[in-house]
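Enquirer: Input: one structure, supplied below.
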Amino acid sequence: MLCSGLAVLFGIAVCWWHGADTTVLSVTALAWFFGAAAAVGLQRAEIDVSRRAGSFVGFTLLALLATFVSDDLDGVHRWLQVGPLRLNAAALFLPLCLVAMGQRECWWSWTASIPVTVLLLMQPDASQTTAFAAGSIFLLLHRSADRGATIPGALVLALIAACTWLRADPLAAALYVEGVLRLAGQIHPLFAAALGICILLACLAPVLSIKSTATNTGPTAWALTIYLLFAAITPLLGNYPMPFVGQSASPILGYWLGVGLLGNIYRKSPRLRFQPAVRPE
């Protein structure tokens, strides 16, 4: 998880170097610390994630619906106004939702993922739709041996994600949100490369930190990692926030919420313990 902190630190340094408002950058730094504290609290909480999965998904749906009654930007509905902060609802709650879905049956995950992706299509947000659909498709294909039943669901999710890319997105790139890697390259190409490596390692952290002895956590960790990787790749194809860097607190908070809930599941998961061979007498 250290790499996420390094990515945030490097991103803040790049923005500061290019003259960004230090007050806004301090919000990004605070988001990392508050998110880490929230992750620790989630990890230690006594929550039955499998039984409460419906609550996590329902809360995510309500947050996405709330974006349509909040102020839009050029017809795009992605944000919740929380006091002086404008938070991206999808980046904030989708990691939590995906981890919770990973603890339920295949049909349940498929049923829950469809309305979420439809709302993302309506916003529209091609980056988050693609990332969430990719993680959901992995869960669908991994948790069911009946490919004939899961492939149609996976195709529906892929189709919704593809349709999101066909919708017009009028928002221009914000220099200190979507343009941070380019700004890092202007300082030095090696600086941009280091920033990219930190982002990559932070995305891989859920899988790298889960031991293979956790029998029911590995697939969920992979689903979260796939979501994070797609969320980091899609900004290279459009004007979408790059996770961890720049003036965007929502992806940082969302990352920690997903990691914290994953840690809660891992803490309670059964382990496969090593059994030493018994030498015959």
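Chain lettering (A, B, ...) mirrors the order of the structure tokens, residue numbering begins at 1 for each chain separately, and ligand numbering begins at 1 in order of display.
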Excluding Ala53 (chain A) and its own-chain neighbours fewer than 3 positions away, which residues fall within 12 Å of it when counting only C-alpha atoms? Please give them as an MDAnalysis selection string.

Expert: chainID A and resid 47:50 56:60 96:105 108:109 112 261 265

Enquirer: Keeping N, CA and C atoms for every residue in the selection just given, could you write it to a file as a CSV table (one decimal), in the first residue's frame?

Expert:
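Saved the output as result_2.csv:
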```csv
chain,number,residue,atom,x,y,z
A,47,ILE,N,-18.2,-7.1,10.6
A,47,ILE,CA,-19.2,-7.0,9.5
A,47,ILE,C,-19.2,-8.4,8.8
A,48,ASP,N,-20.4,-8.9,8.6
A,48,ASP,CA,-20.5,-10.1,7.8
A,48,ASP,C,-20.8,-9.6,6.4
A,49,VAL,N,-19.7,-9.5,5.6
A,49,VAL,CA,-19.8,-8.9,4.3
A,49,VAL,C,-20.7,-9.6,3.4
A,50,SER,N,-20.7,-11.0,3.5
A,50,SER,CA,-21.6,-11.7,2.6
A,50,SER,C,-23.1,-11.4,2.9
A,56,PHE,N,-24.3,-2.8,0.8
A,56,PHE,CA,-23.3,-2.1,0.1
A,56,PHE,C,-23.7,-1.7,-1.3
A,57,VAL,N,-24.3,-2.7,-2.0
A,57,VAL,CA,-24.7,-2.4,-3.4
A,57,VAL,C,-25.8,-1.4,-3.4
A,58,GLY,N,-26.8,-1.5,-2.5
A,58,GLY,CA,-27.9,-0.6,-2.4
A,58,GLY,C,-27.4,0.8,-2.2
A,59,PHE,N,-26.4,1.0,-1.3
A,59,PHE,CA,-25.9,2.3,-1.0
A,59,PHE,C,-25.2,2.9,-2.2
A,60,THR,N,-24.5,2.0,-2.9
A,60,THR,CA,-23.8,2.5,-4.1
A,60,THR,C,-24.8,3.0,-5.2
A,96,LEU,N,-15.9,-0.6,-3.1
A,96,LEU,CA,-16.6,-1.2,-2.0
A,96,LEU,C,-17.7,-2.1,-2.5
A,97,CYS,N,-18.4,-1.7,-3.5
A,97,CYS,CA,-19.5,-2.5,-4.1
A,97,CYS,C,-18.9,-3.7,-4.7
A,98,LEU,N,-17.9,-3.6,-5.4
A,98,LEU,CA,-17.3,-4.8,-6.1
A,98,LEU,C,-16.8,-5.8,-5.1
A,99,VAL,N,-16.1,-5.4,-4.1
A,99,VAL,CA,-15.6,-6.3,-3.1
A,99,VAL,C,-16.8,-7.0,-2.4
A,100,ALA,N,-17.8,-6.3,-2.1
A,100,ALA,CA,-19.0,-7.0,-1.5
A,100,ALA,C,-19.6,-8.0,-2.4
A,101,MET,N,-19.7,-7.6,-3.7
A,101,MET,CA,-20.3,-8.5,-4.7
A,101,MET,C,-19.5,-9.8,-4.8
A,102,GLY,N,-18.2,-9.7,-4.6
A,102,GLY,CA,-17.3,-10.9,-4.7
A,102,GLY,C,-17.6,-12.0,-3.6
A,103,GLN,N,-18.4,-11.6,-2.6
A,103,GLN,CA,-18.7,-12.6,-1.6
A,103,GLN,C,-20.0,-13.3,-1.7
A,104,ARG,N,-20.7,-13.0,-2.8
A,104,ARG,CA,-22.0,-13.6,-3.1
A,104,ARG,C,-22.0,-14.5,-4.3
A,105,GLU,N,-23.1,-15.2,-4.5
A,105,GLU,CA,-23.2,-16.2,-5.6
A,105,GLU,C,-23.1,-15.5,-6.9
A,108,TRP,N,-26.2,-13.6,-8.1
A,108,TRP,CA,-26.4,-12.4,-7.3
A,108,TRP,C,-25.6,-11.3,-7.8
A,109,SER,N,-24.3,-11.6,-8.1
A,109,SER,CA,-23.4,-10.6,-8.6
A,109,SER,C,-23.8,-10.0,-10.0
A,112,ALA,N,-26.8,-7.7,-9.5
A,112,ALA,CA,-26.4,-6.4,-8.9
A,112,ALA,C,-25.6,-5.5,-9.8
A,261,LEU,N,-12.3,-3.1,3.1
A,261,LEU,CA,-13.3,-4.2,3.1
A,261,LEU,C,-12.7,-5.5,2.7
A,265,ILE,N,-12.5,-9.1,4.9
A,265,ILE,CA,-12.8,-10.5,4.5
A,265,ILE,C,-11.6,-11.4,4.7
```

Enquirer: List the neighbours of region 185-194 of chain A out to 9 Å using only C-alpha atoms; skip same-chain residues closer than 6 positions along the sequence, and give me the result as a PyMOL selection string.

Expert: chain A and resi 7+10+14+17

Enquirer: CA of Trp256 (chain A) and CA of Ala162 (chain A) are how many Å apart?

Expert: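 So the two atoms, CA of Trp256 (chain A) and CA of Ala162 (chain A), lie 27.7 Å apart.
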
Enquirer: Would you list, as an NGL selection string, the residues of region 157-208 of chain A that end up in helix (DSSP H, G or I) under DSSP run on this structure's backbone?

Expert: :A and (157-166 or 180-187 or 189-208)

Enquirer: Leaving out Leu175 (chain A) and any residue of its chain fewer than 3 positions from it, which residues lie within 9 Å of it when counting only C-alpha atoms, given as a ChimeraX atom specification?

Expert: /A:15,178-180,183,246

Enquirer: Only C-alpha atoms, please: the residues just picked out, written as a tab-separated table (two decimals), in the first residue's frame.

Expert:
```tsv
chain	number	residue	atom	x	y	z
A	15	CYS	CA	1.12	19.77	-9.45
A	178	GLU	CA	-6.28	14.28	-16.05
A	179	GLY	CA	-3.01	15.87	-17.17
A	180	VAL	CA	-0.70	14.97	-14.29
A	183	LEU	CA	3.04	17.37	-16.50
A	246	GLY	CA	-3.58	15.17	-9.00
```

Enquirer: For a quick check of understanding, using only C-alpha atoms, which of A:Leu94, A:Ala161, A:Leu166, A:Val259 has the smallest distance to Leu62 (chain A)?

Expert: A:Leu94

Enquirer: Quick one, how far is CA of Ile137 (chain A) from CA of Leu157 (chain A)?

Expert: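 Separation of CA of Ile137 (chain A) and CA of Leu157 (chain A): 7.3 Å.
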
Enquirer: At a cut-off of 8 Å, using only C-alpha atoms, what residues contact Arg78 (chain A)? Leave out same-chain residues fewer than 3 positions from it and give the result as a list of chain:residue names.

Expert: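 My list of contacting residues is A:Leu64, A:Thr67, A:Phe68, A:Asp72, A:Asn88, A:Ala89, A:Ala90, A:Gln123, A:Pro124, A:Asp125.
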
Enquirer: Write the residues of the preceding selection, restricted to N, CA and C atoms, as a short mmCIF file (atom, residue, chain, number, x, y, z; two decimals), in the first residue's frame.

Expert:
```cif
data_model
loop_
_atom_site.label_atom_id
_atom_site.label_comp_id
_atom_site.auth_asym_id
_atom_site.auth_seq_id
_atom_site.Cartn_x
_atom_site.Cartn_y
_atom_site.Cartn_z
N LEU A 64 -25.17 6.76 -6.74
CA LEU A 64 -25.17 7.05 -8.17
C LEU A 64 -26.44 7.77 -8.58
N THR A 67 -26.41 11.51 -7.92
CA THR A 67 -25.67 12.40 -8.82
C THR A 67 -26.59 13.08 -9.82
N PHE A 68 -27.75 12.49 -10.09
CA PHE A 68 -28.67 13.06 -11.08
C PHE A 68 -29.50 14.20 -10.51
N ASP A 72 -24.88 19.35 -12.36
CA ASP A 72 -24.10 18.68 -13.40
C ASP A 72 -23.05 19.63 -13.96
N ASN A 88 -16.62 12.28 -6.74
CA ASN A 88 -17.07 11.39 -7.81
C ASN A 88 -17.67 10.14 -7.15
N ALA A 89 -18.98 9.99 -7.28
CA ALA A 89 -19.68 8.91 -6.56
C ALA A 89 -19.19 7.54 -7.00
N ALA A 90 -18.96 7.34 -8.29
CA ALA A 90 -18.53 6.03 -8.78
C ALA A 90 -17.15 5.68 -8.26
N GLN A 123 -24.72 8.47 -16.76
CA GLN A 123 -24.03 9.67 -16.26
C GLN A 123 -23.45 10.56 -17.36
N PRO A 124 -22.71 10.24 -18.36
CA PRO A 124 -22.01 8.96 -18.57
C PRO A 124 -20.59 9.03 -18.01
N ASP A 125 -20.02 7.82 -17.75
CA ASP A 125 -18.64 7.73 -17.28
C ASP A 125 -18.03 6.45 -17.86
#
```

Enquirer: I'd like the interatomic distance between CA of Val207 (chain A) and CA of Ala131 (chain A), to a tenth of an Å.

Expert: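 Straight-line distance from CA of Val207 (chain A) to CA of Ala131 (chain A) works out to 16.3 Å.
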
Enquirer: So that I can check the surroundings of Ala36 (chain A), please list as a ChimeraX atom specification every protein, DNA and RNA residue that reaches within 12 Å of it, counting only C-alpha atoms and ignoring chain neighbours fewer than 5 positions away.

Expert: /A:1-2,4-5,29-31,41-43,252-261,263

Enquirer: Given only C-alpha atoms as the basis, pick out the residue of A:Pro115, A:Pro95, A:Gly196, A:Pro235 nearest to Trp222 (chain A).

Expert: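 Under the stated criterion, the closest residue is A:Pro95.
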